[in-house]
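A.B. asks: Below is the structure I would like to discuss, written out as structure tokens.
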Amino acid sequence: MYTTEPVAVQLHPSAQEDQLAEDYASLLGTVSRIDQAVRDGSWDAVRDELDQLISAAEDMWATLSDTDDDEDGDRYQAPVTVSADPATVRRLVALYSEPHTVGRLLHPAAPETLAELPARGAAEGGAVVDEGLSAVTS
């Protein structure tokens, strides 16, 4: 799964909190890839990532909803069935979305948490250059 899993376990999240964070980090990762594809002018990749964005949004919607149809059969009226601690979800999102440009921008992880994680780029043997949204963060 994620290289952040050992740190995330220390937060003792519920299954719903963990799933919500994973779903949202997936959305942020997809938006990051869309951003990069637009920057590169790779329109086929933009279209492919938009399809992934729809799929990721549906996954999160399903996590938030009772998947059984109500008696009218209208799935869009399904109640929200989550009772997750927002602080725990935010901390998990910061961990899970750390590899993604948009995720780091919207949900920066606390320095003490990042110190416990392997350095990005260490696996590739080099430094990571983040070209994504640097103009926005300057």
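All residue names refer to the structure tokens as shown: chains lettered A, B, ... in order, residues numbered from 1 in each chain, ligands numbered from 1 in order.
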Extract, using only C-alpha atoms, all DNA, RNA and protein residues at most 6 Å from segment 83-100 of chain A, discarding same-chain residues fewer than 6 positions from it, and format them as a PyMOL selection string.
C.D. replies: chain A and resi 17+21+25+29+107-109
A.B. asks: Work out how far atom CA of Thr63 of chain A is from atom CA of Thr30 of chain A, in Å to one decimal.
C.D. replies: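 Atom-to-atom, atom CA of Thr30 of chain A and atom CA of Thr63 of chain A are spaced 17.8 Å apart.
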A.B. asks: Which residues are near Ala62 of chain A? Cut-off 10 Å, only C-alpha atoms, ignore same chain within fewer than 4 positions. Put them as an NGL selection string.
C.D. replies: :A and (20 or 23 or 56-58 or 66-67 or 78 or 80-81)
A.B. asks: What does the distance between atom CA of Glu49 of chain A and atom CA of Leu105 of chain A come to in Å, to one decimal place?
C.D. replies: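 Separation between atom CA of Glu49 of chain A and atom CA of Leu105 of chain A: 19.5 Å.
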